[in-house]
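The block underneath contains the structure these notes are about, expressed in structure tokens.
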Amino acid sequence: MEKPQMYNQARKLPITGCLLSAAFFGSLGSSFLYGYNLSVVNAPALYIKEFNNKTWIERYGEPIGAETATLLWSITVSIFAIGGVLGALSVSLIIKVLGRKGTLLVNNIFALIAALLLTLGERAKSFEMLIIGRLVIGVDSGIALSALPMYLGEISPKHIRGFIGQFNSILICLGVFTGQVLGLPELLGQESRWNYLFTFLALPAVLQMCVLPFLPESPRYLLMERRDEAGAERAFQRFLGKTDVSQELEEVHAEARAQENLHTVSVLQLLRNPAVRWQLITIIITMACYQLCGLNAIWYYTNGILREAGFPDNILPYITLSTGIIETLAAIVSGLVIERIGRRPLLIFGFSAMAVFFSLLTLCLNLQDRTTWMPYLSYVCILVVIASFCSGPGGIPFILTGELFEQSYRPAAFMIAGVVNWLSNFAVGLLFPFIQEALQSFAFLVFVVVCTLGAIYLYFVLPETKNKTFMDISQSFAKINKIPLPSPAQEMELVLSSDTNGKVEDAKIESSL
């Protein structure tokens, strides 16, 4: 009877200001910037192209060629994803040295450098500065989208881990919406002000640098990797708002005892380990579906559909704000219900609903000229696709990456997930124009297939992870990985050997002091 009482007490604990501050400000300087950079280049696109042409004429005495202009613009946009890959590849090493919070703080340097390059590029008459700035902010986003979900997952109690983890998704959507708003002609979407859209990058980074140093590091990182039990206890006390955190410390100790290797494993070791094979396959498929499900392709059609509905071009930017509003609201609702409904149902529902409404959108696009109200129905389909994405697939893949792996595997897992995420992002940007040209309005059927296959895979393979410890989640995959669960006698042996090793290590530390 003692365990249910402790569980109920844990559920009644209020969410502390310290935990909410870590979730909000951690996300503000990380995922918010990623979302902002997804949308911020749309409004000043024409002005940046004109700037490229003007700079080319001043340098070479002739207008830029059409092919060169397209190539220059494509590089400026797509190099963001290349930077993301570089950031994801480096995150495992940086986290090992600096920790979770330290990585987020140091990462702000990239955001400030990018803001400087992108703001001064026009004044310096250098489109190279714009390209390098986009590359650098891509590196920032690549690091952030791995370090932030790891930090949020490790500082959260298990009964609200999904809710805290969804701050990542909510702030991505809020970043996209902020980019849309600031890009309006009345604000910074003008020829004389477009470079200040990039100056704004510095503000969230500076705010994070002002607040995050006063918040604790991940207690799991402190205890399992730094062996700082006193620091971990203080961190748990501040995040949970209580003095007795012995239960939480014991949970981390139990996870440490169950692991074969307390040292952080490499990517190669992770790929070779059969005990985490299906966790890894699940994360790779989920992350690939996150980018390949077709949401990025939606933006190619939105303005065209609105024009078909008869809306004049000068009010299109204001109507498309509805997409950002729907994104943000759906992410907030998902964060509020994730601990009631669970990760698995939200993911399966999200991908399934996207498949249904992508199919309806394809039908509507092919009947666009038949009736006057069909473009409006097409736009409704677009809004529902966006809401479906943000209800689960838009944020839960990052939460799962942290939940499906124990401490020693987590940095390598996030590195692999990050690389898959960014390469898939780059592939969509590179291939979708060709798919669109070949299939026209039937292009969305490709995404129907991706969403359907993703939903089917998750239905048959993914266990529910809500309110489970990291050890419990790992054991959920033991059967499919064909790894036998340890017997009570083996568990006792692990406990005894761990205690003995811990005493030996403590003795070594004391003697060295």
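Each chain in the structure tokens gets a letter, A, B and so on, in the order shown; residues start at 1 in every chain, and ligands are counted from 1 in the order they appear.
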Which of range 47-286 of chain A counts as alpha helix (DSSP H) under DSSP, as a PyMOL selection string please?
chain A and resi 47-60+66-120+127-155+161-165+167-182+196-199+202-211+219-224+229-240+246-258+267-272+277-286
Best match for closeness to Leu135 in chain A among A:Pro185, A:Gly35, A:Gly87, A:Gly61, counting only C-alpha atoms:
A:Gly87
Calculated over only C-alpha atoms, which of the candidates A:Pro14, A:Gly310, A:Gly324, A:Gly142 has the smallest distance to Ala417 in chain A?
A:Gly142
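With only C-alpha atoms as the atoms that count, the minimum distance from Gly99 in chain A to the choices A:Ala202, A:Leu222, A:Leu171, A:Val384 is reached by A:Leu222.
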Within 8 Å of range 473-487 of chain A, which residues of range 252-350 of chain A come that close, and what is the closest atom pair and distance in Å for each? Count only C-alpha atoms and give it as CSV.
```
residue,atom,partner,partner_atom,distance
A:Pro274,CA,A:Asn481,CA,6.5
A:Ala275,CA,A:Asn481,CA,5.9
A:Val276,CA,A:Asn481,CA,7.1
A:Arg277,CA,A:Asn481,CA,6.5
A:Trp278,CA,A:Asn481,CA,6.3
A:Gln279,CA,A:Phe477,CA,7.2
```
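Checking A:Gln208, A:Ser39, A:Ser156, A:Thr70 one by one against Glu248 in chain A, counting only C-alpha atoms, you find the shortest gap at A:Ser156.
Every protein, DNA or RNA residue with an atom at most 9 Å from Leu130 in chain A, where only C-alpha atoms count and chain neighbours fewer than 4 positions away do not, is listed here: A:Thr76, A:Ala114, A:Leu117, A:Leu118, A:Thr119, A:Leu120, A:Gly121, A:Glu122, A:Ser126, A:Arg134, A:Leu135.
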Neighbour list for Leu445 in chain A as JSON, numbers by chain, cut-off 8 Å, only C-alpha atoms, skip fewer than 2 positions in-chain:
{"A": [358, 359, 362, 442, 443, 447, 448, 449]}
For Ala144 in chain A, the nearest of the candidates A:Met415, A:Leu431, A:Ile15, A:Val211, counting only C-alpha atoms:
A:Met415
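The closest residue to Leu182 in chain A, picked from A:Leu105, A:Leu346, A:Leu197, A:Leu98 and counting only C-alpha atoms, is A:Leu197.
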